[in-house]
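Inspection log for the structure reproduced underneath, given as structure tokens.
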Amino acid sequence: SKILTVSNAKPSTAYYLIRHGEHEPQAEGAFGYKKFVELLIFNNVKVNALDLIKGTDVPADCDLLIIAGPQEEISTAELEKVDRYLSQGGRLFFLANASTKPGPERLLAKWGVELGNNLVFDAQNTAEGQLILFENYGSHPIVQPLSKNKLVIYQSPSRSVSAYPGSNGQADSAKVTDLFSTGPGGVAYTDFHKGVPYATPNDRRGVIPVAVAAEKGGLRTVKLER
């Protein structure tokens with residue numbers, strides 16, 4: 001951390017969206033993101049809270065905007081501010097869970113990403129409880145160190161996320177790359193009774209991505225001001 005501070009006098013700045021039931025950035029435990037925030041600080045990244053409800057835009061010094069599992073609705077006005085930030089070359093780390101309200105799907109769709117209204121399970125790669133083991137990595141450079149070192153991601157059942165069919169390769173569309181996926185036995189359930197998933201003919205099956213990267217750098221709709 002000290003080496004990073006000396007070699008890079010100006011730290012990066014991340015903003016953490018609040019007031020929508022996001023995972024608490026200072027709380028410990030299974031639902032708190034304190035360890036994640038501490039990891040950012042350790043890597044010379046300042047972390048500030050951001051309230052877009054008050055009418056402010058995403059600050060000019062924002063190098064990364066974090067939206068961590070919101071459970072309450074994000075207004076259209078707020079999503080427009082986020083979209084404006086992205087169109088200036090900003091970076092977004094967005095996480096969704098089963099409790100995330102509809103709304104962000106429209107923003108993600110604009111960037112070529114389809115967020116499924118489901119929960120993904122992989123019975124062949126499940127640890128104690130419902131923790132799923134992900135080690136099926138994509139080709140994006142950011143996950144290559146994980147793949148090279150044969151590291152495993154442990155995660156609760158997730159929503160599926162993937163490129164909209166036919167969006168990759170279109171002129172001025174975002175490039176969407178899978179980061180990690182289930183094994184071939186993955187199932188994206190859409191029907192639940194008292195928390196128990198029930199199979200339906202519409203359930204997606206097979207290798208199902210649960211994390212992607214979407215990039216539009218260098219295209220005419222991204223101004224790259226940031």
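Residue numbering restarts at 1 for every chain of the structure tokens, chains are lettered A, B, ... in their displayed order, and ligands are numbered from 1 as they appear.
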Strand (DSSP E or B) positions in range 60-182 of chain A, given as a ChimeraX atom specification: /A:64-68,92-95,113-115,119-122,126,132-134,136-137,153-155,158,161-163,175-181
Nearby residues (only C-alpha atoms) at most 7 Å from Asn117 in chain A, same-chain spacing under 2 positions excluded, as a compact mmCIF listing (two decimals) with all heavy atoms, in the first residue's frame:
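Done, and the output landed in part-v1.txt:
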```txt
# COMPACT_ATOMS: atom_id res chain seq x y z
N LEU A 115 -29.68 -8.63 -17.92
CA LEU A 115 -29.73 -9.14 -16.56
C LEU A 115 -30.95 -10.01 -16.41
O LEU A 115 -32.09 -9.55 -16.59
CB LEU A 115 -29.77 -7.98 -15.56
CG LEU A 115 -29.88 -8.34 -14.07
CD1 LEU A 115 -28.65 -9.12 -13.61
CD2 LEU A 115 -30.05 -7.08 -13.23
N ARG A 159 -27.92 -13.97 -10.15
CA ARG A 159 -28.74 -13.77 -11.35
C ARG A 159 -27.86 -13.93 -12.58
O ARG A 159 -26.68 -13.57 -12.56
CB ARG A 159 -29.38 -12.38 -11.32
CG ARG A 159 -30.39 -12.25 -10.19
CD ARG A 159 -30.88 -10.83 -10.00
NE ARG A 159 -31.67 -10.37 -11.13
CZ ARG A 159 -32.34 -9.21 -11.13
NH1 ARG A 159 -32.30 -8.43 -10.06
NH2 ARG A 159 -33.04 -8.84 -12.17
N THR A 190 -36.55 -19.65 -12.58
CA THR A 190 -37.41 -18.46 -12.58
C THR A 190 -38.64 -18.62 -11.69
O THR A 190 -39.37 -17.66 -11.46
CB THR A 190 -37.87 -18.14 -14.01
OG1 THR A 190 -38.54 -19.29 -14.55
CG2 THR A 190 -36.68 -17.79 -14.90
```
Distance criterion (only C-alpha atoms): nearest to Val113 in chain A out of A:Lys81, A:Lys10, A:Lys46, A:Lys175: A:Lys175
Distance query Gly206 in chain A at most 6 Å, only C-alpha atoms, self and fewer than 2 positions along chain excluded, as a list of chain:residue names: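 Everything that qualifies: A:Pro184, A:Gly185, A:Gly186.
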Emit the selected residues as a CSV table (one decimal), in the first residue's frame, including all heavy atoms.
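The new file part.csv reads:
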```csv
chain,number,residue,atom,x,y,z
A,184,PRO,N,-21.3,-26.9,-16.9
A,184,PRO,CA,-22.3,-27.3,-17.9
A,184,PRO,C,-23.6,-27.7,-17.2
A,184,PRO,O,-24.7,-27.8,-17.9
A,184,PRO,CB,-21.7,-28.5,-18.6
A,184,PRO,CG,-20.6,-29.0,-17.7
A,184,PRO,CD,-20.1,-27.8,-17.0
A,185,GLY,N,-23.6,-27.9,-15.9
A,185,GLY,CA,-24.8,-28.3,-15.1
A,185,GLY,C,-25.6,-27.1,-14.5
A,185,GLY,O,-26.5,-27.3,-13.7
A,186,GLY,N,-25.3,-25.9,-15.0
A,186,GLY,CA,-26.0,-24.7,-14.4
A,186,GLY,C,-27.4,-24.7,-14.8
A,186,GLY,O,-27.8,-25.1,-15.9
```
Those of range 46-117 of chain A in DSSP alpha helix (DSSP H), formatted as a VMD selection string: chain A and resid 76 to 87 104 to 110
Take the residues just selected and output them with all heavy atoms as a compact mmCIF listing (two decimals), in the first residue's frame.
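Dumped to selection-v4.txt:
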```
# COMPACT_ATOMS: atom_id res chain seq x y z
N THR A 76 -35.41 6.99 -12.20
CA THR A 76 -35.00 7.23 -13.59
C THR A 76 -34.00 8.37 -13.67
O THR A 76 -33.02 8.30 -14.44
CB THR A 76 -36.23 7.55 -14.46
OG1 THR A 76 -37.13 6.44 -14.42
CG2 THR A 76 -35.82 7.82 -15.89
N ALA A 77 -34.21 9.41 -12.87
CA ALA A 77 -33.30 10.56 -12.88
C ALA A 77 -31.90 10.15 -12.44
O ALA A 77 -30.89 10.59 -13.02
CB ALA A 77 -33.84 11.66 -11.97
N GLU A 78 -31.82 9.29 -11.45
CA GLU A 78 -30.51 8.82 -10.99
C GLU A 78 -29.84 7.96 -12.04
O GLU A 78 -28.63 8.08 -12.29
CB GLU A 78 -30.67 8.03 -9.69
CG GLU A 78 -31.11 8.85 -8.50
CD GLU A 78 -31.40 7.97 -7.31
OE1 GLU A 78 -32.52 7.41 -7.21
OE2 GLU A 78 -30.49 7.80 -6.48
N LEU A 79 -30.62 7.06 -12.66
CA LEU A 79 -30.05 6.20 -13.70
C LEU A 79 -29.56 7.01 -14.89
O LEU A 79 -28.56 6.66 -15.52
CB LEU A 79 -31.08 5.17 -14.15
CG LEU A 79 -31.44 4.10 -13.11
CD1 LEU A 79 -32.61 3.25 -13.60
CD2 LEU A 79 -30.24 3.21 -12.80
N GLU A 80 -30.23 8.11 -15.19
CA GLU A 80 -29.78 8.99 -16.28
C GLU A 80 -28.43 9.61 -15.93
O GLU A 80 -27.57 9.79 -16.81
CB GLU A 80 -30.83 10.06 -16.54
CG GLU A 80 -32.09 9.53 -17.23
CD GLU A 80 -33.16 10.58 -17.37
OE1 GLU A 80 -33.01 11.68 -16.78
OE2 GLU A 80 -34.16 10.33 -18.07
N LYS A 81 -28.24 9.95 -14.67
CA LYS A 81 -26.95 10.50 -14.25
C LYS A 81 -25.85 9.46 -14.39
O LYS A 81 -24.73 9.78 -14.81
CB LYS A 81 -27.04 10.98 -12.80
CG LYS A 81 -27.97 12.16 -12.60
CD LYS A 81 -28.13 12.48 -11.13
CE LYS A 81 -29.17 13.57 -10.90
NZ LYS A 81 -29.39 13.85 -9.48
N VAL A 82 -26.16 8.22 -14.03
CA VAL A 82 -25.18 7.14 -14.17
C VAL A 82 -24.85 6.92 -15.64
O VAL A 82 -23.68 6.76 -16.02
CB VAL A 82 -25.71 5.84 -13.53
CG1 VAL A 82 -24.73 4.69 -13.79
CG2 VAL A 82 -25.91 6.02 -12.03
N ASP A 83 -25.88 6.93 -16.48
CA ASP A 83 -25.66 6.74 -17.92
C ASP A 83 -24.82 7.87 -18.50
O ASP A 83 -23.94 7.64 -19.35
CB ASP A 83 -27.01 6.65 -18.63
CG ASP A 83 -26.86 6.30 -20.11
OD1 ASP A 83 -26.07 5.39 -20.43
OD2 ASP A 83 -27.51 6.95 -20.93
N ARG A 84 -25.06 9.08 -18.04
CA ARG A 84 -24.29 10.23 -18.51
C ARG A 84 -22.82 10.07 -18.11
O ARG A 84 -21.91 10.36 -18.90
CB ARG A 84 -24.89 11.52 -17.95
CG ARG A 84 -24.28 12.79 -18.50
CD ARG A 84 -25.22 13.97 -18.35
NE ARG A 84 -25.68 14.17 -16.99
CZ ARG A 84 -26.95 14.04 -16.61
NH1 ARG A 84 -27.88 13.69 -17.49
NH2 ARG A 84 -27.31 14.25 -15.35
N TYR A 85 -22.60 9.60 -16.90
CA TYR A 85 -21.24 9.35 -16.41
C TYR A 85 -20.55 8.29 -17.27
O TYR A 85 -19.39 8.44 -17.68
CB TYR A 85 -21.31 8.91 -14.95
CG TYR A 85 -20.10 8.20 -14.42
CD1 TYR A 85 -18.92 8.90 -14.14
CD2 TYR A 85 -20.12 6.83 -14.17
CE1 TYR A 85 -17.80 8.25 -13.64
CE2 TYR A 85 -19.01 6.18 -13.66
CZ TYR A 85 -17.85 6.89 -13.40
OH TYR A 85 -16.75 6.24 -12.91
N LEU A 86 -21.25 7.20 -17.59
CA LEU A 86 -20.67 6.15 -18.42
C LEU A 86 -20.37 6.65 -19.82
O LEU A 86 -19.37 6.27 -20.43
CB LEU A 86 -21.62 4.95 -18.49
CG LEU A 86 -21.85 4.20 -17.18
CD1 LEU A 86 -22.89 3.10 -17.36
CD2 LEU A 86 -20.55 3.60 -16.65
N SER A 87 -21.24 7.50 -20.36
CA SER A 87 -21.05 8.03 -21.71
C SER A 87 -19.87 8.99 -21.79
O SER A 87 -19.43 9.33 -22.89
CB SER A 87 -22.32 8.74 -22.18
OG SER A 87 -23.39 7.82 -22.26
N PRO A 104 -32.55 -0.86 -13.18
CA PRO A 104 -31.20 -0.87 -13.76
C PRO A 104 -31.09 -1.71 -15.04
O PRO A 104 -30.17 -1.49 -15.83
CB PRO A 104 -30.35 -1.48 -12.63
CG PRO A 104 -31.10 -1.17 -11.38
CD PRO A 104 -32.55 -1.26 -11.76
N GLU A 105 -32.02 -2.64 -15.25
CA GLU A 105 -31.98 -3.45 -16.47
C GLU A 105 -31.96 -2.59 -17.72
O GLU A 105 -31.29 -2.91 -18.71
CB GLU A 105 -33.16 -4.42 -16.52
CG GLU A 105 -33.11 -5.55 -15.52
CD GLU A 105 -33.80 -5.19 -14.21
OE1 GLU A 105 -33.97 -3.98 -13.93
OE2 GLU A 105 -34.16 -6.11 -13.47
N ARG A 106 -32.72 -1.48 -17.69
CA ARG A 106 -32.78 -0.61 -18.87
C ARG A 106 -31.42 0.04 -19.15
O ARG A 106 -31.01 0.17 -20.30
CB ARG A 106 -33.85 0.46 -18.67
CG ARG A 106 -35.27 -0.08 -18.58
CD ARG A 106 -36.29 1.04 -18.66
NE ARG A 106 -36.17 1.98 -17.55
CZ ARG A 106 -36.78 1.82 -16.38
NH1 ARG A 106 -37.54 0.76 -16.15
NH2 ARG A 106 -36.63 2.73 -15.42
N LEU A 107 -30.75 0.45 -18.08
CA LEU A 107 -29.42 1.03 -18.24
C LEU A 107 -28.44 -0.01 -18.76
O LEU A 107 -27.67 0.24 -19.69
CB LEU A 107 -28.94 1.59 -16.90
CG LEU A 107 -27.49 2.07 -16.85
CD1 LEU A 107 -27.28 3.25 -17.80
CD2 LEU A 107 -27.08 2.45 -15.43
N LEU A 108 -28.46 -1.21 -18.16
CA LEU A 108 -27.55 -2.27 -18.59
C LEU A 108 -27.81 -2.66 -20.04
O LEU A 108 -26.88 -2.93 -20.80
CB LEU A 108 -27.70 -3.49 -17.68
CG LEU A 108 -27.35 -3.27 -16.20
CD1 LEU A 108 -27.63 -4.53 -15.39
CD2 LEU A 108 -25.89 -2.86 -16.05
N ALA A 109 -29.09 -2.69 -20.42
CA ALA A 109 -29.44 -3.07 -21.79
C ALA A 109 -28.84 -2.09 -22.80
O ALA A 109 -28.42 -2.48 -23.89
CB ALA A 109 -30.95 -3.12 -21.96
N LYS A 110 -28.79 -0.82 -22.43
CA LYS A 110 -28.21 0.19 -23.32
C LYS A 110 -26.74 -0.10 -23.58
O LYS A 110 -26.20 0.28 -24.62
CB LYS A 110 -28.38 1.58 -22.71
CG LYS A 110 -27.92 2.71 -23.61
CD LYS A 110 -28.24 4.06 -23.01
CE LYS A 110 -27.76 5.19 -23.93
NZ LYS A 110 -28.08 6.53 -23.36
```
Can you list, as an mmCIF file with all heavy atoms, in the first residue's frame, every protein, DNA or RNA residue that comes within 8 Å of Leu17 in chain A when you count only C-alpha atoms, leaving out same-chain residues fewer than 4 positions away?
```
data_model
loop_
_atom_site.group_PDB
_atom_site.id
_atom_site.type_symbol
_atom_site.label_atom_id
_atom_site.label_comp_id
_atom_site.auth_asym_id
_atom_site.auth_seq_id
_atom_site.Cartn_x
_atom_site.Cartn_y
_atom_site.Cartn_z
ATOM 1 N N GLU A 22 -28.376 -0.619 -0.428
ATOM 2 C CA GLU A 22 -27.163 -1.303 -0.864
ATOM 3 C C GLU A 22 -26.484 -1.986 0.327
ATOM 4 O O GLU A 22 -26.751 -1.671 1.489
ATOM 5 C CB GLU A 22 -26.180 -0.302 -1.493
ATOM 6 C CG GLU A 22 -26.660 0.340 -2.789
ATOM 7 C CD GLU A 22 -27.491 1.589 -2.583
ATOM 8 O OE1 GLU A 22 -27.774 1.915 -1.404
ATOM 9 O OE2 GLU A 22 -27.846 2.232 -3.576
ATOM 10 N N ALA A 49 -18.973 8.088 -0.123
ATOM 11 C CA ALA A 49 -20.387 7.801 -0.327
ATOM 12 C C ALA A 49 -20.948 8.782 -1.354
ATOM 13 O O ALA A 49 -20.509 9.929 -1.448
ATOM 14 C CB ALA A 49 -21.148 7.918 0.984
ATOM 15 N N LEU A 50 -21.939 8.327 -2.128
ATOM 16 C CA LEU A 50 -22.549 9.180 -3.147
ATOM 17 C C LEU A 50 -24.062 9.072 -3.069
ATOM 18 O O LEU A 50 -24.624 7.987 -3.149
ATOM 19 C CB LEU A 50 -22.082 8.770 -4.552
ATOM 20 C CG LEU A 50 -22.716 9.534 -5.720
ATOM 21 C CD1 LEU A 50 -22.383 11.024 -5.631
ATOM 22 C CD2 LEU A 50 -22.254 8.961 -7.052
ATOM 23 N N ASP A 51 -24.714 10.212 -2.911
ATOM 24 C CA ASP A 51 -26.169 10.303 -2.864
ATOM 25 C C ASP A 51 -26.643 11.061 -4.094
ATOM 26 O O ASP A 51 -26.565 12.292 -4.150
ATOM 27 C CB ASP A 51 -26.606 11.013 -1.576
ATOM 28 C CG ASP A 51 -28.116 11.073 -1.426
ATOM 29 O OD1 ASP A 51 -28.830 10.638 -2.356
ATOM 30 O OD2 ASP A 51 -28.586 11.571 -0.387
ATOM 31 N N LEU A 52 -27.143 10.325 -5.103
ATOM 32 C CA LEU A 52 -27.605 10.966 -6.339
ATOM 33 C C LEU A 52 -29.029 11.491 -6.222
ATOM 34 O O LEU A 52 -29.506 12.186 -7.120
ATOM 35 C CB LEU A 52 -27.522 9.970 -7.503
ATOM 36 C CG LEU A 52 -26.113 9.614 -7.984
ATOM 37 C CD1 LEU A 52 -26.192 8.583 -9.104
ATOM 38 C CD2 LEU A 52 -25.355 10.847 -8.454
ATOM 39 N N LEU A 65 -17.584 4.006 -10.095
ATOM 40 C CA LEU A 65 -18.859 4.097 -9.389
ATOM 41 C C LEU A 65 -19.285 2.690 -9.000
ATOM 42 O O LEU A 65 -19.343 1.800 -9.848
ATOM 43 C CB LEU A 65 -19.913 4.749 -10.286
ATOM 44 C CG LEU A 65 -21.336 4.814 -9.724
ATOM 45 C CD1 LEU A 65 -21.382 5.599 -8.414
ATOM 46 C CD2 LEU A 65 -22.283 5.418 -10.746
ATOM 47 N N ILE A 66 -19.589 2.497 -7.720
ATOM 48 C CA ILE A 66 -19.968 1.181 -7.204
ATOM 49 C C ILE A 66 -21.442 1.197 -6.827
ATOM 50 O O ILE A 66 -21.878 2.032 -6.040
ATOM 51 C CB ILE A 66 -19.121 0.807 -5.966
ATOM 52 C CG1 ILE A 66 -17.631 0.831 -6.314
ATOM 53 C CG2 ILE A 66 -19.527 -0.556 -5.414
ATOM 54 C CD1 ILE A 66 -16.739 0.827 -5.085
ATOM 55 N N ILE A 67 -22.215 0.291 -7.408
ATOM 56 C CA ILE A 67 -23.618 0.096 -7.026
ATOM 57 C C ILE A 67 -23.738 -1.344 -6.562
ATOM 58 O O ILE A 67 -23.739 -2.276 -7.365
ATOM 59 C CB ILE A 67 -24.568 0.386 -8.198
ATOM 60 C CG1 ILE A 67 -24.356 1.807 -8.723
ATOM 61 C CG2 ILE A 67 -26.022 0.205 -7.762
ATOM 62 C CD1 ILE A 67 -25.241 2.172 -9.912
ATOM 63 N N ALA A 68 -23.827 -1.525 -5.248
ATOM 64 C CA ALA A 68 -23.664 -2.852 -4.647
ATOM 65 C C ALA A 68 -24.983 -3.428 -4.152
ATOM 66 O O ALA A 68 -25.390 -3.214 -3.011
ATOM 67 C CB ALA A 68 -22.651 -2.789 -3.508
#
```
Option closest in space to Gln155 in chain A, from A:Ala14, A:Val143, A:Ile132, A:Val47 [counting only C-alpha atoms]: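 Of A:Ala14, A:Val143, A:Ile132, A:Val47, the one nearest Gln155 in chain A is A:Ile132, counting only C-alpha atoms.
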